[in-house]
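Undergrad: Before I ask anything, let me first share the structure, which is written out below as structure tokens.
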Amino acid sequence: MKFGEFPTADAEGVVLAHSVRFAGQSFPKGRRLTGEDIEKLQAAKVGSVIAARLEDGDLGEDIAAKKLAEAIEPDHLTFSEAATGRVNVYSALEGLFVVGRDVVDRVNRVDPGITLACLNDHVPVRAGDMVATFKIIPLAVAGEKINEACAVLRAATAFEVKPFEAHAVWLVATELPSLKHAVMDKTARILAQRLAPSGSRLIGEDRVAHRADAVAGAIRNAASRAGAGPRMIVVFGASAVIDAHDVIPEAIRLAGGEVIQVGMPVDPGNLLVLGRVGNIPVVGAPGCARSPKENGFDWVLNRILAGEPITALDISGMGVGGLLMEIRSRPQLREPQVADVKETTVAAVVLAAGRARRMGEGGPHKLLAEFAGIPLVRRCALAALESGAASVSVVTGHRQHEIEAKLDGLDVALVHNPDFASGMASSLGAGFASSEAARADGVLVLLADMPDVSSSDMDLLITAFRRCGGHAIVRAVSRGKRGNPVVLPRALRDAVLHLEGDIGARHIIESSGLPVIDVEIGDGAHLDVDTPEAVVAAGGTLKE
């Protein structure tokens, strides 16, 4: 390929490197000039163009990119059409993206004009996620170089998506007097959430004393179940593993299994145990896996769910990239916090007092509708409890006793608003007047009829609020359009308490003079269920 400035008179057949504008027209970059094009350029007195002339054996950028993509096995992958020298590759399903780093490196070393970029190794992906992209840098590249790169791609796997397989999982949890049952309940719930994207499910749980013999008996009991037995056993210890002969690894041995690894170079997640009883993997989960945030347990779990064998060598090689984001709920932080720096606190207030008029007079209550078997009001409260909020208050009003019954057993403060019929302002005021909210630097206001707002979404808002020192309004948005939840700083408390009528905090937000930070959380920021049709469309089941 020859690249440079060509006189227009001699430019027939070249490929434009830059767009050319002339006489109210334009030729885009990448256009191959024809004789008719040359006549138009000359008539407009365009004397030269920056372009490339392909030589024998050269391939244009789109053809070259397409040939590279065609060298990849298409299992569980989809490909875009070639355009501007690029082909994007997408996952066709939920699974684990696995990379042959040496193969990718060999492709990228064939020629600087041939590039392959992809996600990191062993990253979980969803259907539709972009996982890789081929890009040809120049307008054309030598065909022999493309053939060489294609040969590398055909000889070995550069990347693939391994689909997650549905696993039946048995949970063994150990008990000590210091461990609350509410913590154990939350642990089971979060494990079930981790399993859900793969179609896996928790099929049973044993709670036993924190002794090796008791845990071994529970493991044997789970492993011996015929037919509908588990494909994986997860053990949560009430006390951390500190030795290769501690309770959980010793229990695996007593159950007739082998211990593959104790400890991993991923933080949080150091105290993981991996073993096997027969063909069933047994994972001793680190304490940080009681949190929904990413930790070393996720790395091991994803490999098992994708059917990948995992060895001690695999785990010991996880150190690079293994320093993950800190989790607030860990018993001991990697670095002690400075004692005189006060952490910005956020209290969550769930508004569940409304009359739900659009559900129809005497009809079912939207907050009692069930999503995956859980009443909507309880689902929203659980999400708030699993977030980084310091406390959770739920404001009730209409059908108070039914709503409160659905919250039974949850660590939430119930705040009744007797004036709920006057509108949202009174419920906001009741929430802000609660003792929990009054002590906080900010209040996260969550509408109880928003089924798709997760604890992770709330954590994004809380993190943004803390980063600004609690001196800004933080608002959830979807594609730039404002939505809910919202975090309001303490400075706006009096303004909220003086609101009247059926209005929310929008006027306060827009007129406060405080900075507003918008945080993108996706479609959940706009999805509320105000009608029976909306409940059903969102995946809910109506109840009386």
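Each chain in the structure tokens gets a letter, A, B, ..., in the order shown, and its residues are numbered from 1; ligands are numbered from 1 in order too.
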Would you mind writing down, as a short mmCIF file (atom, residue, chain, number, x, y, z; two decimals) with N, CA and C atoms, in the first residue's frame, each residue of stretch 203-373 of chain A that DSSP on the backbone assigns to strand (DSSP E)?
TA:
data_model
loop_
_atom_site.label_atom_id
_atom_site.label_comp_id
_atom_site.auth_asym_id
_atom_site.auth_seq_id
_atom_site.Cartn_x
_atom_site.Cartn_y
_atom_site.Cartn_z
N ILE A 203 -30.60 -25.33 47.06
CA ILE A 203 -31.63 -26.36 47.26
C ILE A 203 -31.75 -26.82 48.71
N GLY A 204 -30.83 -26.39 49.56
CA GLY A 204 -30.92 -26.79 50.95
C GLY A 204 -29.85 -26.15 51.80
N GLU A 205 -30.06 -26.18 53.10
CA GLU A 205 -29.11 -25.58 54.03
C GLU A 205 -29.08 -26.38 55.32
N ASP A 206 -27.88 -26.61 55.85
CA ASP A 206 -27.69 -27.18 57.17
C ASP A 206 -26.97 -26.15 58.04
N ARG A 207 -27.46 -25.94 59.25
CA ARG A 207 -26.77 -25.09 60.22
C ARG A 207 -26.28 -25.98 61.34
N VAL A 208 -24.97 -25.99 61.53
CA VAL A 208 -24.37 -26.93 62.47
C VAL A 208 -23.38 -26.20 63.37
N ALA A 209 -22.94 -26.88 64.41
CA ALA A 209 -21.96 -26.31 65.32
C ALA A 209 -20.64 -26.08 64.58
N MET A 232 -22.64 -28.61 43.95
CA MET A 232 -21.65 -27.82 44.65
C MET A 232 -22.11 -27.64 46.10
N ILE A 233 -21.14 -27.62 47.01
CA ILE A 233 -21.42 -27.38 48.42
C ILE A 233 -20.63 -26.14 48.84
N VAL A 234 -21.31 -25.19 49.46
CA VAL A 234 -20.67 -23.98 49.96
C VAL A 234 -20.77 -23.97 51.47
N VAL A 235 -19.63 -23.75 52.13
CA VAL A 235 -19.58 -23.73 53.59
C VAL A 235 -19.23 -22.32 54.06
N PHE A 236 -20.10 -21.75 54.88
CA PHE A 236 -19.81 -20.47 55.53
C PHE A 236 -19.51 -20.74 57.00
N GLU A 258 -10.79 -34.14 49.46
CA GLU A 258 -9.44 -33.59 49.41
C GLU A 258 -9.50 -32.08 49.46
N VAL A 259 -8.51 -31.48 50.08
CA VAL A 259 -8.39 -30.03 50.13
C VAL A 259 -7.45 -29.60 49.03
N ILE A 260 -7.94 -28.76 48.12
CA ILE A 260 -7.14 -28.30 46.99
C ILE A 260 -6.31 -27.09 47.36
N GLN A 261 -6.90 -26.14 48.07
CA GLN A 261 -6.18 -24.91 48.41
C GLN A 261 -6.82 -24.26 49.63
N VAL A 262 -5.99 -23.74 50.51
CA VAL A 262 -6.45 -22.93 51.62
C VAL A 262 -5.79 -21.56 51.47
N VAL A 273 -11.38 -21.42 51.05
CA VAL A 273 -10.93 -22.82 51.04
C VAL A 273 -11.59 -23.50 49.84
N LEU A 274 -10.82 -24.27 49.09
CA LEU A 274 -11.38 -25.03 47.97
C LEU A 274 -11.04 -26.50 48.16
N GLY A 275 -12.05 -27.33 48.07
CA GLY A 275 -11.84 -28.76 48.19
C GLY A 275 -12.80 -29.51 47.29
N ARG A 276 -12.82 -30.82 47.45
CA ARG A 276 -13.67 -31.66 46.61
C ARG A 276 -14.01 -32.93 47.37
N VAL A 277 -15.28 -33.33 47.31
CA VAL A 277 -15.72 -34.61 47.83
C VAL A 277 -16.29 -35.39 46.66
N ILE A 280 -17.87 -33.48 43.62
CA ILE A 280 -18.58 -32.27 44.05
C ILE A 280 -17.59 -31.27 44.63
N PRO A 281 -17.44 -30.08 44.03
CA PRO A 281 -16.58 -29.07 44.63
C PRO A 281 -17.17 -28.56 45.95
N VAL A 282 -16.29 -28.35 46.91
CA VAL A 282 -16.69 -27.79 48.20
C VAL A 282 -15.91 -26.50 48.40
N VAL A 283 -16.63 -25.39 48.55
CA VAL A 283 -15.99 -24.09 48.71
C VAL A 283 -16.26 -23.56 50.11
N GLY A 284 -15.17 -23.36 50.86
CA GLY A 284 -15.28 -22.68 52.13
C GLY A 284 -15.22 -21.18 51.87
N ALA A 285 -16.36 -20.51 51.98
CA ALA A 285 -16.45 -19.10 51.58
C ALA A 285 -15.79 -18.20 52.62
N VAL A 346 -25.30 7.80 55.67
CA VAL A 346 -26.53 7.93 54.88
C VAL A 346 -27.57 7.00 55.47
N ALA A 347 -28.74 7.54 55.76
CA ALA A 347 -29.88 6.75 56.22
C ALA A 347 -30.83 6.57 55.05
N ALA A 348 -31.36 5.36 54.90
CA ALA A 348 -32.32 5.10 53.83
C ALA A 348 -33.74 5.25 54.37
N VAL A 349 -34.59 5.94 53.60
CA VAL A 349 -36.01 6.08 53.94
C VAL A 349 -36.82 5.52 52.78
N VAL A 350 -37.58 4.47 53.05
CA VAL A 350 -38.40 3.82 52.02
C VAL A 350 -39.83 4.35 52.18
N LEU A 351 -40.36 4.95 51.13
CA LEU A 351 -41.71 5.52 51.18
C LEU A 351 -42.72 4.47 50.74
N ALA A 352 -43.55 4.01 51.69
CA ALA A 352 -44.51 2.94 51.42
C ALA A 352 -45.88 3.27 51.99
N GLU A 370 -46.07 -9.74 44.53
CA GLU A 370 -44.86 -10.53 44.76
C GLU A 370 -43.99 -10.58 43.51
N PHE A 371 -42.71 -10.38 43.73
CA PHE A 371 -41.69 -10.52 42.69
C PHE A 371 -40.75 -11.63 43.13
#
Undergrad: As an MDAnalysis selection string, please: the residues near A:Leu446 (cut-off 12 Å, only C-alpha atoms, same-chain neighbours under 2 positions excluded).
TA: chainID A and resid 347:352 377 379:385 389 392:395 427:428 431 443:444 448:455 457:458 461 475:476 483:488 504:505 524:525 528
Undergrad: With C-alpha atoms retained, could you export that selection as a compact mmCIF listing (two decimals), in the first residue's frame?
TA:
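As written to disk, result-v9.txt reads:
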# COMPACT_ATOMS: atom_id res chain seq x y z
CA ALA A 347 -29.88 6.75 56.22
CA ALA A 348 -32.32 5.10 53.83
CA VAL A 349 -36.01 6.08 53.94
CA VAL A 350 -38.40 3.82 52.02
CA LEU A 351 -41.71 5.52 51.18
CA ALA A 352 -44.51 2.94 51.42
CA VAL A 377 -42.28 -3.63 49.82
CA ARG A 379 -37.99 -6.59 48.28
CA CYS A 380 -37.25 -2.85 48.36
CA ALA A 381 -36.50 -2.90 52.09
CA LEU A 382 -34.14 -5.86 51.66
CA ALA A 383 -32.26 -4.05 48.91
CA ALA A 384 -31.86 -1.04 51.19
CA LEU A 385 -30.65 -3.25 54.06
CA ALA A 389 -26.94 2.73 54.28
CA VAL A 392 -33.34 1.79 56.99
CA SER A 393 -36.71 3.33 57.88
CA VAL A 394 -39.97 2.44 56.16
CA VAL A 395 -42.79 5.00 56.17
CA SER A 427 -44.48 10.93 54.16
CA LEU A 428 -41.19 12.56 53.25
CA GLY A 431 -39.17 9.86 57.17
CA VAL A 443 -31.01 10.60 53.48
CA LEU A 444 -31.48 8.21 50.57
CA ALA A 448 -41.16 1.29 47.53
CA ASP A 449 -42.76 0.62 44.13
CA MET A 450 -39.47 0.48 42.18
CA PRO A 451 -38.67 -3.26 41.82
CA ASP A 452 -35.46 -2.93 39.80
CA VAL A 453 -33.47 -0.62 42.07
CA SER A 454 -30.80 -2.84 43.63
CA SER A 455 -28.50 -2.50 46.61
CA ASP A 457 -27.52 0.97 42.60
CA MET A 458 -27.97 2.49 46.04
CA LEU A 461 -25.43 6.87 44.99
CA ARG A 475 -29.76 11.69 41.90
CA ALA A 476 -30.23 8.46 39.96
CA GLY A 483 -35.22 9.39 38.15
CA ASN A 484 -35.09 7.82 41.61
CA PRO A 485 -33.70 7.17 44.24
CA VAL A 486 -32.14 10.43 45.41
CA VAL A 487 -29.81 11.30 48.31
CA LEU A 488 -30.58 14.60 50.03
CA GLY A 504 -41.99 15.32 46.31
CA ALA A 505 -38.58 16.90 46.65
CA GLY A 524 -34.38 0.81 37.13
CA ALA A 525 -34.28 4.56 37.79
CA ASP A 528 -42.17 2.13 39.05
Undergrad: What does the structure give for the distance between atom CA of A:Val49 and atom CA of A:Ile114, in Å to one decimal?
TA: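 Atom-to-atom, atom CA of A:Val49 to atom CA of A:Ile114, that is 24.9 Å.
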Undergrad: From the list A:Phe6, A:Val99, A:Glu55, A:Gly60, which residue is nearest A:Arg31 when using only C-alpha atoms?
TA: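 Closest to A:Arg31, using only C-alpha atoms: A:Gly60.
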Undergrad: Using DSSP on the backbone coordinates, identify the residues of stretch 173-226 of chain A assigned to helix (DSSP H, G or I); present them as number ranges by chain.
TA: A: 181-198, 212-223
Undergrad: Using Å and a single decimal, report how far atom CA of A:Ala168 sits from atom CA of A:Arg201.
TA: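 Between atom CA of A:Arg201 and atom CA of A:Ala168 the gap is 5.4 Å.
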Undergrad: Excluding A:Gly100 and its own-chain neighbours fewer than 6 positions away, which residues fall within 9 Å of it when counting only C-alpha atoms? Please give them as a list in words.
TA: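 Within the cut-off, the hits are Asp121, Ala156, Thr157, Ala158, Phe159 and Glu160 of chain A.
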Undergrad: Given the selection you just returned, output its residues as a file containing C-alpha atoms, formatted as a PDB file, in the first residue's frame.
TA:
ATOM      1  CA  ASP A 121      -9.489 -13.120  31.401  1.00  0.00           C
ATOM      2  CA  ALA A 156      -5.588 -22.054  19.117  1.00  0.00           C
ATOM      3  CA  THR A 157      -8.426 -20.376  20.998  1.00  0.00           C
ATOM      4  CA  ALA A 158      -7.900 -16.640  21.420  1.00  0.00           C
ATOM      5  CA  PHE A 159     -11.065 -16.180  23.469  1.00  0.00           C
ATOM      6  CA  GLU A 160     -14.409 -17.804  24.119  1.00  0.00           C
TER       7      GLU A 160
END
Undergrad: Quote the spacing between atom CA of A:Thr463 and atom CA of A:Thr344 in Å to one decimal place.
TA: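 Rounded to one decimal, the two atoms are 9.6 Å apart.
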